[in-house]
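The block underneath contains the structure these notes are about, expressed in structure tokens.
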Amino acid sequence: MTVRQDAMAYSAQDVEAQMPDTSQLLSDEPEMESSLHYLQLLILVTCLEWLWRGREDFFIGANLTIYFSRQQLRNRDFRGPDFFLVKDTEKRPRKSWVVWEEDGRYPDLIIELLSSSTADTDRNLKKTLYQDRFRTPEYFWFSPETLEFAGFRLHGRQYEAITPIAQGWLWSQELELYLGVDAGQLRYFTAEGERVPTPEEAAQQQQQRAEQEQLRAEQAELALQQAQTRAEQLQEQLRALGIDPEASS
């Protein structure tokens, strides 16, 4: 080995030795821009978790770094989406998403929450990264402040805009749900047009249904009592007229 080759080998080993244990890489993402962004992210995560509560074959990343190359690590070029979904994988906690530790899997769907400081990057640099490097089938962005909403699906090697339906919703093939703006928030809707609730909304709906069932039962009981009272009154009237209600029956 020449001096140059020895130096190159040492340099590579030295760099490798300084690399962190990739199975323990931590997320390194900035804080969300505002409480609106936090709330929106919470809605996206909890609604899908609630809807898919019986499944164990997916992972949701929320403001979590995706590590996709060692060069990225050296450059500290971290690119963590605000929200991403990986299907057909083990549902378990992760400190980050390390592509080479996950059989080379990239997200199946990404949603970025636009802000004044990130919008240009989300619309351009990140869109190109998700299209060309990640090959993520679907990419959406939404601004909790301006309500700007757009979605793209990978066709061949390029993203193409998803055509909205009359309500302005966009169909996600990866989720098998619509994404649409409702009351200033980005929400999921079923193919039948029903809004996917948050866990709190689902609990409230269940309580309302229970209260309605109880009310119907009480109304039915009251109607039965009223019918019995009328029957008894009729029998009394017949007896007053000298008619035996038992005999007439």
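By convention in this document, the chains of the structure tokens carry letters A, B, ... by their order, each chain's residues are numbered from 1, and ligands are numbered from 1 in the order they are shown.
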
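Near Phe149 in chain A, within a cut-off of 10 Å and counting only C-alpha atoms, sit the residues Leu113, Leu114, Phe140, Trp141, Phe142, Ser143, Gly168, Trp169, Leu170, Leu179, Gly180, Val181 and Leu186 of chain A, with same-chain residues fewer than 6 positions away left out.
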
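Distance check against Trp171 in chain A using only C-alpha atoms: of A:Tyr106, A:Tyr159, A:Trp97, A:Tyr139, the minimum falls on A:Tyr139.
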
I'd like to know which residues of range 42-132 of chain A are strand (DSSP E or B) (by DSSP, run on the backbone); could you write them as a PDB file with N, CA and C atoms, in the first residue's frame?
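Full text of result06.pdb as output:
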```
ATOM      1  N   PHE A  58     -48.026  -0.103  10.252  1.00  0.00           N
ATOM      2  CA  PHE A  58     -47.691   1.208   9.707  1.00  0.00           C
ATOM      3  C   PHE A  58     -46.922   2.003  10.750  1.00  0.00           C
ATOM      4  N   PHE A  59     -46.229   3.035  10.255  1.00  0.00           N
ATOM      5  CA  PHE A  59     -45.509   3.952  11.142  1.00  0.00           C
ATOM      6  C   PHE A  59     -45.797   5.378  10.709  1.00  0.00           C
ATOM      7  N   ILE A  60     -46.129   6.230  11.677  1.00  0.00           N
ATOM      8  CA  ILE A  60     -46.348   7.647  11.424  1.00  0.00           C
ATOM      9  C   ILE A  60     -45.209   8.431  12.041  1.00  0.00           C
ATOM     10  N   GLY A  61     -44.562   9.258  11.242  1.00  0.00           N
ATOM     11  CA  GLY A  61     -43.522  10.144  11.738  1.00  0.00           C
ATOM     12  C   GLY A  61     -44.052  11.560  11.836  1.00  0.00           C
ATOM     13  N   ALA A  62     -43.839  12.199  12.982  1.00  0.00           N
ATOM     14  CA  ALA A  62     -44.308  13.569  13.202  1.00  0.00           C
ATOM     15  C   ALA A  62     -43.118  14.449  13.547  1.00  0.00           C
ATOM     16  N   ILE A  66     -35.587  12.091   8.786  1.00  0.00           N
ATOM     17  CA  ILE A  66     -35.361  10.919   7.946  1.00  0.00           C
ATOM     18  C   ILE A  66     -33.894  10.937   7.536  1.00  0.00           C
ATOM     19  N   TYR A  67     -33.160   9.896   7.915  1.00  0.00           N
ATOM     20  CA  TYR A  67     -31.756   9.751   7.516  1.00  0.00           C
ATOM     21  C   TYR A  67     -31.704   8.814   6.314  1.00  0.00           C
ATOM     22  N   PHE A  83     -45.023  15.522   8.593  1.00  0.00           N
ATOM     23  CA  PHE A  83     -45.818  14.301   8.771  1.00  0.00           C
ATOM     24  C   PHE A  83     -45.456  13.329   7.657  1.00  0.00           C
ATOM     25  N   PHE A  84     -45.179  12.087   8.024  1.00  0.00           N
ATOM     26  CA  PHE A  84     -44.990  11.083   6.976  1.00  0.00           C
ATOM     27  C   PHE A  84     -45.535   9.742   7.434  1.00  0.00           C
ATOM     28  N   LEU A  85     -45.894   8.932   6.448  1.00  0.00           N
ATOM     29  CA  LEU A  85     -46.472   7.612   6.689  1.00  0.00           C
ATOM     30  C   LEU A  85     -45.682   6.565   5.924  1.00  0.00           C
ATOM     31  N   VAL A  86     -45.332   5.491   6.626  1.00  0.00           N
ATOM     32  CA  VAL A  86     -44.728   4.320   5.989  1.00  0.00           C
ATOM     33  C   VAL A  86     -45.649   3.141   6.253  1.00  0.00           C
ATOM     34  N   LYS A  87     -46.112   2.510   5.198  1.00  0.00           N
ATOM     35  CA  LYS A  87     -47.013   1.365   5.333  1.00  0.00           C
ATOM     36  C   LYS A  87     -46.217   0.057   5.274  1.00  0.00           C
ATOM     37  N   TRP A  97     -36.187   8.052  11.513  1.00  0.00           N
ATOM     38  CA  TRP A  97     -36.377   7.045  10.466  1.00  0.00           C
ATOM     39  C   TRP A  97     -35.060   6.946   9.693  1.00  0.00           C
ATOM     40  N   VAL A  98     -34.370   5.820   9.864  1.00  0.00           N
ATOM     41  CA  VAL A  98     -33.085   5.590   9.220  1.00  0.00           C
ATOM     42  C   VAL A  98     -33.309   4.617   8.069  1.00  0.00           C
ATOM     43  N   LEU A 109     -46.194   8.443   1.977  1.00  0.00           N
ATOM     44  CA  LEU A 109     -46.937   9.701   1.904  1.00  0.00           C
ATOM     45  C   LEU A 109     -46.267  10.714   2.827  1.00  0.00           C
ATOM     46  N   ILE A 110     -46.201  11.960   2.358  1.00  0.00           N
ATOM     47  CA  ILE A 110     -45.613  13.049   3.143  1.00  0.00           C
ATOM     48  C   ILE A 110     -46.549  14.248   3.110  1.00  0.00           C
ATOM     49  N   ILE A 111     -46.697  14.909   4.254  1.00  0.00           N
ATOM     50  CA  ILE A 111     -47.439  16.170   4.337  1.00  0.00           C
ATOM     51  C   ILE A 111     -46.543  17.204   5.014  1.00  0.00           C
ATOM     52  N   GLU A 112     -46.348  18.320   4.352  1.00  0.00           N
ATOM     53  CA  GLU A 112     -45.607  19.429   4.947  1.00  0.00           C
ATOM     54  C   GLU A 112     -46.587  20.528   5.326  1.00  0.00           C
ATOM     55  N   LEU A 113     -46.364  21.143   6.484  1.00  0.00           N
ATOM     56  CA  LEU A 113     -47.170  22.267   6.946  1.00  0.00           C
ATOM     57  C   LEU A 113     -46.410  23.553   6.650  1.00  0.00           C
TER      58      LEU A 113
END
```

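One distance worth recording is that between CA of Pro107 in chain A and CA of Thr163 in chain A, which is 21.8 Å.
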
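From CA of Pro137 in chain A back to CA of Glu56 in chain A, the distance works out to 21.3 Å.
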
Shell of 9 Å around Glu236 in chain A, only C-alpha atoms, local chain residues under 5 positions omitted, as a PDB file with C-alpha atoms, in the first residue's frame:
```
ATOM      1  CA  ALA A 231    -106.089   0.968  28.928  1.00  0.00           C
ATOM      2  CA  LEU A 241    -121.260   1.564  32.251  1.00  0.00           C
ATOM      3  CA  PRO A 245    -114.140  -5.561  30.188  1.00  0.00           C
TER       4      PRO A 245
END
```

Quiz item: Any idea what's packed within 12 Å of Ser115 in chain A, counting only C-alpha atoms, ignoring anything in its chain fewer than 2 positions away? Could you give it as JSON, numbers by chain?
Solution: {"A": [32, 33, 34, 35, 36, 37, 82, 112, 113, 117, 118, 119, 120, 121, 122, 123, 141, 142, 143, 144, 145, 146, 147, 148]}

Take the residues just selected and output them with N, CA and C atoms as a compact mmCIF listing (two decimals), in the first residue's frame.
```txt
# COMPACT_ATOMS: atom_id res chain seq x y z
N MET A 32 -41.93 23.45 15.80
CA MET A 32 -42.97 23.89 14.88
C MET A 32 -43.12 25.41 14.98
N GLU A 33 -43.64 26.00 13.91
CA GLU A 33 -43.70 27.46 13.81
C GLU A 33 -44.66 28.10 14.80
N SER A 34 -45.79 27.45 15.07
CA SER A 34 -46.81 28.09 15.91
C SER A 34 -47.72 27.03 16.51
N SER A 35 -48.60 27.49 17.40
CA SER A 35 -49.57 26.58 18.00
C SER A 35 -50.52 26.02 16.94
N LEU A 36 -50.79 26.80 15.89
CA LEU A 36 -51.62 26.31 14.80
C LEU A 36 -50.97 25.10 14.13
N HIS A 37 -49.67 25.15 13.95
CA HIS A 37 -48.95 24.04 13.33
C HIS A 37 -48.94 22.82 14.25
N ASP A 82 -42.85 17.19 8.17
CA ASP A 82 -43.72 17.44 9.32
C ASP A 82 -44.54 16.19 9.64
N GLU A 112 -46.35 18.32 4.35
CA GLU A 112 -45.61 19.43 4.95
C GLU A 112 -46.59 20.53 5.33
N LEU A 113 -46.36 21.14 6.48
CA LEU A 113 -47.17 22.27 6.95
C LEU A 113 -46.41 23.55 6.65
N SER A 117 -41.42 30.79 6.87
CA SER A 117 -39.98 30.50 6.79
C SER A 117 -39.66 29.22 6.01
N THR A 118 -40.66 28.35 5.79
CA THR A 118 -40.39 27.06 5.14
C THR A 118 -41.10 26.87 3.81
N ALA A 119 -42.05 27.74 3.49
CA ALA A 119 -42.91 27.51 2.32
C ALA A 119 -42.11 27.34 1.04
N ASP A 120 -41.14 28.22 0.80
CA ASP A 120 -40.37 28.14 -0.44
C ASP A 120 -39.59 26.82 -0.52
N THR A 121 -39.01 26.41 0.59
CA THR A 121 -38.29 25.13 0.62
C THR A 121 -39.23 23.97 0.40
N ASP A 122 -40.40 24.00 1.03
CA ASP A 122 -41.36 22.90 0.90
C ASP A 122 -41.88 22.78 -0.53
N ARG A 123 -42.09 23.93 -1.19
CA ARG A 123 -42.65 23.90 -2.55
C ARG A 123 -41.61 23.53 -3.60
N TRP A 141 -49.05 19.51 0.72
CA TRP A 141 -48.68 20.58 1.64
C TRP A 141 -49.93 21.38 2.01
N PHE A 142 -49.88 21.96 3.21
CA PHE A 142 -51.01 22.73 3.72
C PHE A 142 -50.50 23.82 4.65
N SER A 143 -51.05 25.01 4.52
CA SER A 143 -50.70 26.11 5.41
C SER A 143 -51.81 26.33 6.42
N PRO A 144 -51.54 26.10 7.72
CA PRO A 144 -52.57 26.36 8.74
C PRO A 144 -52.93 27.84 8.84
N GLU A 145 -52.11 28.71 8.28
CA GLU A 145 -52.35 30.15 8.38
C GLU A 145 -53.13 30.68 7.18
N THR A 146 -52.70 30.33 5.97
CA THR A 146 -53.36 30.84 4.76
C THR A 146 -54.33 29.83 4.15
N LEU A 147 -54.30 28.59 4.62
CA LEU A 147 -55.13 27.48 4.13
C LEU A 147 -54.76 27.05 2.71
N GLU A 148 -53.57 27.43 2.26
CA GLU A 148 -53.09 26.93 0.96
C GLU A 148 -52.95 25.41 1.05
```
